>>> print(open('start_39.txt').read())   # compact mmCIF, C-alpha atoms
# COMPACT_ATOMS: atom_id res chain seq x y z
CA MET A 404 -28.46 -3.53 -16.42
CA THR A 405 -25.73 -5.98 -17.44
CA ALA A 406 -22.58 -5.87 -15.34
CA PRO A 407 -19.41 -5.03 -17.27
CA SER A 408 -17.20 -7.95 -18.26
CA SER A 409 -13.68 -8.43 -16.93
CA GLN A 410 -12.37 -7.33 -20.32
CA GLN A 411 -14.40 -4.12 -20.17
CA ILE A 412 -13.19 -3.42 -16.63
CA ALA A 413 -9.57 -3.99 -17.69
CA GLU A 414 -10.03 -1.61 -20.63
CA ALA A 415 -11.57 1.02 -18.34
CA LYS A 416 -8.62 0.76 -15.97
CA ALA A 417 -6.13 1.04 -18.82
CA ALA A 418 -7.89 4.13 -20.15
CA LEU A 419 -7.85 5.75 -16.71
CA ARG A 420 -4.15 5.18 -15.94
CA PRO A 421 -2.61 7.97 -18.10
CA PHE A 422 -5.02 10.50 -16.59
CA ALA A 423 -4.35 9.19 -13.07
CA ARG A 424 -0.58 9.43 -13.56
CA ALA A 425 -0.87 13.04 -14.66
CA GLN A 426 -3.28 13.77 -11.80
CA ARG A 427 -0.85 12.28 -9.29
CA GLN A 428 2.05 14.33 -10.60
CA GLY A 429 -0.06 17.47 -10.39
CA ALA A 430 -1.12 16.50 -6.87
CA ALA A 431 2.52 16.00 -5.84
CA ASP A 432 3.48 19.42 -7.22
CA ALA A 433 0.54 21.15 -5.51
CA ALA A 434 0.73 19.38 -2.14
CA GLY A 435 4.02 20.97 -1.13
CA ALA A 436 7.37 19.67 0.07
CA ASP A 437 5.98 18.70 3.47
CA ALA A 438 3.19 16.47 2.12
CA ALA A 439 4.99 13.26 3.12
CA ASP A 440 5.56 14.64 6.63
CA ARG A 441 1.87 15.44 7.03
CA MET A 442 0.83 12.04 5.65
CA THR A 443 3.28 10.39 8.06
CA ALA A 444 1.72 12.13 11.06
CA HIS A 445 -1.79 11.07 10.05
CA ALA A 446 -0.73 7.47 9.33
CA LEU A 447 1.13 7.09 12.63
CA ALA A 448 -1.83 8.41 14.62
CA PHE A 449 -4.20 6.09 12.75
CA LEU A 450 -2.07 2.96 13.22
CA GLY A 451 -1.69 3.74 16.91
CA ARG A 452 -5.40 4.39 17.34
CA ILE A 453 -6.41 1.01 15.88
CA GLY A 454 -3.79 -0.91 17.87
CA ARG A 455 -1.42 -1.82 15.06
CA LEU A 456 1.65 -0.42 16.85
CA ALA A 457 2.36 -2.96 19.60
CA ASP A 458 3.99 -1.80 22.82
CA THR A 459 7.38 -3.43 22.33
CA LEU A 460 8.60 -1.94 25.60
CA ALA A 461 5.95 -4.06 27.36
CA GLY A 462 7.29 -7.20 25.76
CA ALA A 463 4.95 -7.47 22.79
CA ALA A 464 6.37 -8.79 19.54
CA ALA A 465 7.32 -6.05 17.12
CA PRO A 466 4.75 -5.69 14.34
CA VAL A 467 6.01 -5.74 10.75
CA VAL A 468 5.09 -2.89 8.42
CA ALA A 469 5.99 -3.26 4.75
CA GLY A 470 6.40 -0.10 2.75
CA TYR A 471 7.64 0.51 -0.79
CA TRP A 472 10.37 2.43 -2.56
CA PRO A 473 8.73 5.52 -4.14
CA THR A 474 8.89 5.91 -7.90
CA ARG A 475 7.10 7.91 -10.59
CA GLY A 476 5.59 10.54 -8.30
CA GLU A 477 4.32 8.22 -5.54
CA ILE A 478 4.05 9.84 -2.12
CA ASP A 479 7.20 8.97 -0.18
CA PRO A 480 6.70 6.44 2.65
CA ARG A 481 10.30 6.46 3.85
CA LEU A 482 9.69 9.11 6.53
CA LEU A 483 6.90 6.92 7.87
CA LEU A 484 9.15 3.86 7.78
CA ARG A 485 11.87 5.82 9.59
CA ASP A 486 9.51 6.87 12.37
CA LEU A 487 8.11 3.35 12.68
CA ASP A 488 11.64 1.94 12.92
CA ARG A 489 12.44 4.40 15.69
CA ARG A 490 9.38 3.18 17.59
CA GLY A 491 10.61 -0.41 17.48
CA VAL A 492 8.44 -1.53 14.57
CA ALA A 493 10.07 -3.93 12.11
CA THR A 494 9.98 -2.47 8.60
CA ALA A 495 10.32 -4.15 5.22
CA LEU A 496 10.19 -3.62 1.46
CA PRO A 497 8.49 -5.74 -1.22
CA VAL A 498 10.28 -7.88 -3.78
CA VAL A 499 8.71 -9.12 -7.02
CA ALA A 500 9.01 -12.91 -6.93
CA GLY A 501 7.77 -13.42 -10.48
CA ARG A 502 4.91 -12.70 -12.85
CA GLY A 503 1.58 -13.89 -11.49
CA ARG A 504 2.98 -14.49 -7.99
CA PRO A 505 2.40 -12.63 -4.70
CA LEU A 506 5.07 -10.24 -3.52
CA LEU A 507 7.54 -11.36 -0.88
CA PHE A 508 8.94 -9.03 1.77
CA ARG A 509 12.46 -8.62 3.13
CA ARG A 510 13.48 -6.84 6.28
CA TRP A 511 14.72 -3.33 5.62
CA ALA A 512 15.07 -0.14 7.63
CA PRO A 513 16.03 3.34 6.39
CA GLY A 514 19.78 3.41 5.97
CA ASP A 515 20.07 -0.29 5.13
CA PRO A 516 21.55 -1.22 1.73
CA VAL A 517 19.41 -1.85 -1.33
CA GLU A 518 20.07 -3.28 -4.77
CA PRO A 519 18.26 -2.95 -8.12
CA GLY A 520 15.23 -5.21 -8.38
CA THR A 521 12.54 -5.81 -10.98
CA PHE A 522 11.87 -2.65 -13.03
CA GLN A 523 15.09 -1.30 -11.42
CA VAL A 524 13.18 -0.44 -8.24
CA PRO A 525 15.50 -0.71 -5.20
CA VAL A 526 14.95 -3.79 -3.01
CA PRO A 527 16.71 -5.24 0.05
CA PRO A 528 19.59 -7.60 -0.78
CA ALA A 529 18.89 -11.30 -1.19
CA ASP A 530 20.40 -12.15 2.21
CA ALA A 531 17.97 -9.87 4.10
CA PRO A 532 15.51 -11.92 6.22
CA GLU A 533 12.11 -12.60 4.68
CA VAL A 534 9.18 -11.45 6.86
CA ARG A 535 5.38 -11.54 6.88
CA PRO A 536 3.87 -8.04 7.15
CA ASP A 537 1.09 -7.15 9.59
CA VAL A 538 0.51 -3.87 7.74
CA LEU A 539 1.07 -3.17 4.05
CA LEU A 540 1.62 0.40 2.89
CA VAL A 541 0.24 0.31 -0.64
CA PRO A 542 1.11 2.72 -3.48
CA LEU A 543 -1.54 3.65 -6.02
CA LEU A 544 -2.50 5.80 -8.97
CA ALA A 545 -6.02 6.59 -7.73
CA PHE A 546 -8.50 5.54 -5.05
CA ASP A 547 -12.20 5.98 -4.44
CA GLU A 548 -14.42 6.38 -1.38
CA ARG A 549 -15.01 2.61 -1.21
CA GLY A 550 -11.30 1.93 -0.88
CA TYR A 551 -10.71 0.52 -4.35
CA ARG A 552 -7.36 1.48 -5.87
CA LEU A 553 -6.08 1.85 -9.38
CA GLY A 554 -2.69 0.18 -9.64
CA TYR A 555 -0.29 -0.37 -12.51
CA GLY A 556 -1.97 -3.45 -13.95
CA GLY A 557 0.31 -6.20 -12.65
CA GLY A 558 -2.07 -7.38 -9.92
CA PHE A 559 0.78 -7.85 -7.44
CA TYR A 560 -0.90 -6.26 -4.43
CA ASP A 561 -4.27 -7.94 -5.01
CA ARG A 562 -2.59 -11.36 -5.16
CA THR A 563 -0.45 -10.53 -2.13
CA LEU A 564 -3.33 -9.33 0.04
CA ALA A 565 -5.42 -12.36 -0.89
CA ALA A 566 -2.56 -14.75 -0.12
CA LEU A 567 -1.80 -13.15 3.26
CA ALA A 568 -5.48 -13.10 4.24
CA GLU A 569 -5.73 -16.83 3.52
CA ASP A 570 -2.48 -18.07 5.09
CA GLY A 571 -4.17 -18.93 8.39
CA ARG A 572 -1.95 -16.67 10.48
CA ALA A 573 -3.02 -13.83 12.77
CA PRO A 574 -3.34 -10.95 12.72
CA LYS A 575 -4.76 -10.60 9.25
CA PRO A 576 -2.83 -7.92 7.38
CA LEU A 577 -4.13 -4.38 7.16
CA ALA A 578 -3.86 -2.64 3.77
CA LEU A 579 -3.18 1.07 4.16
CA GLY A 580 -2.98 3.00 0.90
CA LEU A 581 -0.71 6.03 0.77
CA ALA A 582 -1.59 8.85 -1.59
CA PHE A 583 -2.03 12.55 -2.15
CA ALA A 584 -5.57 13.68 -1.36
CA ALA A 585 -6.09 14.86 -4.95
CA GLN A 586 -5.66 11.26 -6.16
CA GLN A 587 -9.18 10.43 -4.96
CA ALA A 588 -11.46 9.62 -7.88
CA THR A 589 -15.23 9.49 -8.04
CA SER A 590 -15.09 5.78 -8.84
CA VAL A 591 -12.34 3.26 -9.64
CA PRO A 592 -13.28 0.34 -11.91
CA HIS A 593 -12.92 -2.95 -10.03
CA ASP A 594 -13.36 -6.62 -10.72
CA ALA A 595 -14.40 -9.44 -8.41
CA TRP A 596 -10.82 -10.19 -7.36
CA ASP A 597 -9.80 -6.59 -6.66
CA VAL A 598 -9.17 -6.11 -2.93
CA ALA A 599 -10.40 -2.89 -1.32
CA LEU A 600 -8.00 -1.05 0.98
CA HIS A 601 -8.84 -0.82 4.68
CA ALA A 602 -7.85 2.86 4.73
CA ILE A 603 -6.00 5.51 2.76
CA ALA A 604 -3.63 8.01 4.41
CA THR A 605 -3.02 11.32 2.67
CA GLU A 606 -1.49 14.65 3.60
CA THR A 607 -4.93 15.82 4.77
CA GLY A 608 -6.02 12.84 6.88
CA VAL A 609 -7.02 9.18 6.80
CA HIS A 610 -10.05 7.95 4.86
CA VAL A 611 -11.65 4.76 6.24
CA PRO A 612 -14.24 3.38 3.79
CA ASP A 613 -15.76 0.87 6.22
CA PRO A 614 -14.62 0.92 9.89
CA ARG A 615 -16.02 -2.60 10.37
CA ARG A 616 -13.25 -3.98 8.16
CA LEU A 617 -10.45 -2.69 10.38
CA THR A 618 -10.70 -5.85 12.48
CA ALA A 619 -11.38 -8.18 9.56
CA PRO A 620 -9.18 -9.56 6.76
CA PRO A 621 -9.27 -7.93 3.35
CA VAL A 622 -12.18 -9.24 1.30
CA THR A 623 -13.28 -8.93 -2.29
CA ASP A 624 -16.49 -7.08 -2.95
>>> encode(input="start_39.txt", output="structure tokens")
Amino acid sequence: MTAPSSQQIAEAKAALRPFARAQRQGAADAAGADAADRMTAHALAFLGRIGRLADTLAGAAAPVVAGYWPTRGEIDPRLLLRDLDRRGVATALPVVAGRGRPLLFRRWAPGDPVEPGTFQVPVPPADAPEVRPDVLLVPLLAFDERGYRLGYGGGFYDRTLAALAEDGRAPKPLALGLAFAAQQATSVPHDAWDVALHAIATETGVHVPDPRRLTAPPVTD
């Protein structure tokens, strides 16, 4: 059987996005007002269990966790960022640096100022320090059991994860998708350069497609 071309994969993704958007909105409505709180509890326990929350009281350097500003029905990561900040973790938000370029990240904690960025999504001000994340909290339209995600088509997170994995610095970043459980699809179309998530945290738990990858950099399948 002939493998689908990149054009066919792109068309399949585009066809799936309207359905996935509607599915996500329905999932948000059905999950309840405390969905973000429940996702936060699962994500915190998972990050602690795999050693991604360093003991800053013991003198370890504070890890950096980059979140996102929720839009268009995305599950809200700001409660998670708040709790991480209270634990001494450095938190950040992404900034679009330009079409075809990886995202950059600026230091931000809940309560800090923001300003309109690309697509009018709030971002930290230009004078906020730029940081390299150890963990990326990744928004998505849909995900599958293998960890592939359906994004918005810009390729920003795939480029960013690939660039961070290849920058020669340790630890390699961990990609943790955040979603409602009902956003899981049977299969998400993916191309050779699409980067699978290490795990996906939802209001019902954390799905880990391949536990062996938790100690390895993101790879393309």
>>> residues_around(input="start_39.txt", residues="Phe546 (chain A)", least_positions_apart="6", cutoff="12 Å", atoms="only C-alpha atoms", output="PyMOL selection string")
chain A and resi 416+419-420+423+426-427+552-554+579-593+598-605+610-612
>>> write_last_selection(input="start_39.txt", atoms="C-alpha atoms", output="PDB file, in the coordinates of the input")
ATOM      1  CA  LYS A 416      -8.620   0.760 -15.970  1.00  0.00           C
ATOM      2  CA  LEU A 419      -7.850   5.750 -16.710  1.00  0.00           C
ATOM      3  CA  ARG A 420      -4.150   5.180 -15.940  1.00  0.00           C
ATOM      4  CA  ALA A 423      -4.350   9.190 -13.070  1.00  0.00           C
ATOM      5  CA  GLN A 426      -3.280  13.770 -11.800  1.00  0.00           C
ATOM      6  CA  ARG A 427      -0.850  12.280  -9.290  1.00  0.00           C
ATOM      7  CA  ARG A 552      -7.360   1.480  -5.870  1.00  0.00           C
ATOM      8  CA  LEU A 553      -6.080   1.850  -9.380  1.00  0.00           C
ATOM      9  CA  GLY A 554      -2.690   0.180  -9.640  1.00  0.00           C
ATOM     10  CA  LEU A 579      -3.180   1.070   4.160  1.00  0.00           C
ATOM     11  CA  GLY A 580      -2.980   3.000   0.900  1.00  0.00           C
ATOM     12  CA  LEU A 581      -0.710   6.030   0.770  1.00  0.00           C
ATOM     13  CA  ALA A 582      -1.590   8.850  -1.590  1.00  0.00           C
ATOM     14  CA  PHE A 583      -2.030  12.550  -2.150  1.00  0.00           C
ATOM     15  CA  ALA A 584      -5.570  13.680  -1.360  1.00  0.00           C
ATOM     16  CA  ALA A 585      -6.090  14.860  -4.950  1.00  0.00           C
ATOM     17  CA  GLN A 586      -5.660  11.260  -6.160  1.00  0.00           C
ATOM     18  CA  GLN A 587      -9.180  10.430  -4.960  1.00  0.00           C
ATOM     19  CA  ALA A 588     -11.460   9.620  -7.880  1.00  0.00           C
ATOM     20  CA  THR A 589     -15.230   9.490  -8.040  1.00  0.00           C
ATOM     21  CA  SER A 590     -15.090   5.780  -8.840  1.00  0.00           C
ATOM     22  CA  VAL A 591     -12.340   3.260  -9.640  1.00  0.00           C
ATOM     23  CA  PRO A 592     -13.280   0.340 -11.910  1.00  0.00           C
ATOM     24  CA  HIS A 593     -12.920  -2.950 -10.030  1.00  0.00           C
ATOM     25  CA  VAL A 598      -9.170  -6.110  -2.930  1.00  0.00           C
ATOM     26  CA  ALA A 599     -10.400  -2.890  -1.320  1.00  0.00           C
ATOM     27  CA  LEU A 600      -8.000  -1.050   0.980  1.00  0.00           C
ATOM     28  CA  HIS A 601      -8.840  -0.820   4.680  1.00  0.00           C
ATOM     29  CA  ALA A 602      -7.850   2.860   4.730  1.00  0.00           C
ATOM     30  CA  ILE A 603      -6.000   5.510   2.760  1.00  0.00           C
ATOM     31  CA  ALA A 604      -3.630   8.010   4.410  1.00  0.00           C
ATOM     32  CA  THR A 605      -3.020  11.320   2.670  1.00  0.00           C
ATOM     33  CA  HIS A 610     -10.050   7.950   4.860  1.00  0.00           C
ATOM     34  CA  VAL A 611     -11.650   4.760   6.240  1.00  0.00           C
ATOM     35  CA  PRO A 612     -14.240   3.380   3.790  1.00  0.00           C
TER      36      PRO A 612
END
>>> atom_distance(input="start_39.txt", atom1="CA of His445 (chain A)", atom2="CA of Ala512 (chain A)")
20.4 Å
>>> closest_residue(input="start_39.txt", among="A:Arg616, A:Arg509, A:Arg504, A:Arg490", to="Ala469 (chain A)", atoms="only C-alpha atoms")
A:Arg509
>>> closest_residue(input="start_39.txt", among="A:Ala464, A:Val609, A:Leu483, A:Leu456", to="Glu548 (chain A)", atoms="all atoms listed in the file")
A:Val609
>>> closest_residue(input="start_39.txt", among="A:Arg615, A:Ala595, A:Gly608, A:Asp486", to="Ile412 (chain A)", atoms="all atoms listed in the file")
A:Ala595
>>> atom_distance(input="start_39.txt", atom1="CA of Ile478 (chain A)", atom2="CA of Leu447 (chain A)")
15.3 Å
>>> closest_residue(input="start_39.txt", among="A:Gly571, A:Pro505, A:Pro614, A:Gly558", to="Ala413 (chain A)", atoms="all atoms listed in the file")
A:Gly558
>>> residues_around(input="start_39.txt", residues="Leu567 (chain A)", least_positions_apart="5", cutoff="10 Å", atoms="all atoms listed in the file", output="list in words")
Pro505, Arg535, Pro536, Asp537, Arg562, Arg572, Ala573, Pro574, Lys575, Pro576, Leu577, Pro620 and Pro621 of chain A
>>> residues_around(input="start_39.txt", residues="Arg510 (chain A)", least_positions_apart="3", cutoff="12 Å", atoms="all atoms listed in the file", output="PyMOL selection string")
chain A and resi 466-471+484+488+492-498+507+513+515-517+526-536
>>> atom_distance(input="start_39.txt", atom1="CA of Ala430 (chain A)", atom2="CA of Glu477 (chain A)")
10.0 Å
>>> closest_residue(input="start_39.txt", among="A:Asp432, A:Thr607, A:Thr521, A:Pro542", to="Pro473 (chain A)", atoms="all atoms listed in the file")
A:Pro542
>>> closest_residue(input="start_39.txt", among="A:Asp594, A:Glu518, A:Asp479, A:Glu606", to="Pro407 (chain A)", atoms="all atoms listed in the file")
A:Asp594
>>> residues_around(input="start_39.txt", residues="Arg475 (chain A)", least_positions_apart="4", cutoff="10 Å", atoms="all atoms listed in the file", output="ChimeraX atom specification")
/A:424,427-428,544
>>> write_last_selection(input="start_39.txt", atoms="C-alpha atoms", output="PDB file, in the frame of the given file")
ATOM      1  CA  ARG A 424      -0.580   9.430 -13.560  1.00  0.00           C
ATOM      2  CA  ARG A 427      -0.850  12.280  -9.290  1.00  0.00           C
ATOM      3  CA  GLN A 428       2.050  14.330 -10.600  1.00  0.00           C
ATOM      4  CA  LEU A 544      -2.500   5.800  -8.970  1.00  0.00           C
TER       5      LEU A 544
END
>>> decode(input="start_39.txt", residues="region 512-526 of chain A", atoms="N, CA, C and O atoms", output="PDB file, in the first residue's frame")
ATOM      1  N   ALA A 512       4.790  34.885  34.978  1.00  0.00           N
ATOM      2  CA  ALA A 512       4.069  34.182  36.040  1.00  0.00           C
ATOM      3  C   ALA A 512       2.681  34.793  36.153  1.00  0.00           C
ATOM      4  O   ALA A 512       2.484  35.972  35.818  1.00  0.00           O
ATOM      5  N   PRO A 513       1.695  34.016  36.607  1.00  0.00           N
ATOM      6  CA  PRO A 513       0.349  34.563  36.765  1.00  0.00           C
ATOM      7  C   PRO A 513       0.361  35.846  37.584  1.00  0.00           C
ATOM      8  O   PRO A 513       0.983  35.930  38.649  1.00  0.00           O
ATOM      9  N   GLY A 514      -0.276  36.863  37.052  1.00  0.00           N
ATOM     10  CA  GLY A 514      -0.281  38.175  37.668  1.00  0.00           C
ATOM     11  C   GLY A 514       0.656  39.155  37.003  1.00  0.00           C
ATOM     12  O   GLY A 514       0.517  40.373  37.190  1.00  0.00           O
ATOM     13  N   ASP A 515       1.626  38.649  36.223  1.00  0.00           N
ATOM     14  CA  ASP A 515       2.531  39.532  35.495  1.00  0.00           C
ATOM     15  C   ASP A 515       1.794  40.174  34.310  1.00  0.00           C
ATOM     16  O   ASP A 515       0.820  39.623  33.799  1.00  0.00           O
ATOM     17  N   PRO A 516       2.276  41.323  33.846  1.00  0.00           N
ATOM     18  CA  PRO A 516       1.607  41.985  32.716  1.00  0.00           C
ATOM     19  C   PRO A 516       1.778  41.210  31.415  1.00  0.00           C
ATOM     20  O   PRO A 516       2.729  40.443  31.246  1.00  0.00           O
ATOM     21  N   VAL A 517       0.846  41.418  30.515  1.00  0.00           N
ATOM     22  CA  VAL A 517       0.918  40.873  29.162  1.00  0.00           C
ATOM     23  C   VAL A 517       0.556  41.979  28.184  1.00  0.00           C
ATOM     24  O   VAL A 517       0.012  43.019  28.573  1.00  0.00           O
ATOM     25  N   GLU A 518       0.860  41.739  26.908  1.00  0.00           N
ATOM     26  CA  GLU A 518       0.488  42.675  25.858  1.00  0.00           C
ATOM     27  C   GLU A 518       0.029  41.875  24.640  1.00  0.00           C
ATOM     28  O   GLU A 518       0.351  40.685  24.523  1.00  0.00           O
ATOM     29  N   PRO A 519      -0.729  42.473  23.737  1.00  0.00           N
ATOM     30  CA  PRO A 519      -1.204  41.721  22.570  1.00  0.00           C
ATOM     31  C   PRO A 519      -0.041  41.272  21.684  1.00  0.00           C
ATOM     32  O   PRO A 519       0.854  42.049  21.370  1.00  0.00           O
ATOM     33  N   GLY A 520      -0.061  40.006  21.304  1.00  0.00           N
ATOM     34  CA  GLY A 520       0.953  39.478  20.415  1.00  0.00           C
ATOM     35  C   GLY A 520       0.354  39.102  19.079  1.00  0.00           C
ATOM     36  O   GLY A 520      -0.716  39.595  18.695  1.00  0.00           O
ATOM     37  N   THR A 521       1.023  38.217  18.352  1.00  0.00           N
ATOM     38  CA  THR A 521       0.519  37.734  17.074  1.00  0.00           C
ATOM     39  C   THR A 521      -0.843  37.084  17.272  1.00  0.00           C
ATOM     40  O   THR A 521      -1.058  36.362  18.250  1.00  0.00           O
ATOM     41  N   PHE A 522      -1.762  37.343  16.361  1.00  0.00           N
ATOM     42  CA  PHE A 522      -3.148  36.851  16.442  1.00  0.00           C
ATOM     43  C   PHE A 522      -3.872  37.423  17.661  1.00  0.00           C
ATOM     44  O   PHE A 522      -4.900  36.893  18.078  1.00  0.00           O
ATOM     45  N   GLN A 523      -3.313  38.500  18.256  1.00  0.00           N
ATOM     46  CA  GLN A 523      -3.891  39.158  19.430  1.00  0.00           C
ATOM     47  C   GLN A 523      -3.890  38.274  20.675  1.00  0.00           C
ATOM     48  O   GLN A 523      -4.582  38.571  21.653  1.00  0.00           O
ATOM     49  N   VAL A 524      -3.101  37.224  20.671  1.00  0.00           N
ATOM     50  CA  VAL A 524      -2.957  36.379  21.856  1.00  0.00           C
ATOM     51  C   VAL A 524      -2.011  37.073  22.837  1.00  0.00           C
ATOM     52  O   VAL A 524      -0.930  37.525  22.444  1.00  0.00           O
ATOM     53  N   PRO A 525      -2.388  37.209  24.118  1.00  0.00           N
ATOM     54  CA  PRO A 525      -1.513  37.881  25.076  1.00  0.00           C
ATOM     55  C   PRO A 525      -0.158  37.204  25.218  1.00  0.00           C
ATOM     56  O   PRO A 525      -0.057  35.968  25.258  1.00  0.00           O
ATOM     57  N   VAL A 526       0.905  38.027  25.292  1.00  0.00           N
ATOM     58  CA  VAL A 526       2.270  37.550  25.465  1.00  0.00           C
ATOM     59  C   VAL A 526       2.964  38.430  26.503  1.00  0.00           C
ATOM     60  O   VAL A 526       2.536  39.552  26.770  1.00  0.00           O
TER      61      VAL A 526
END
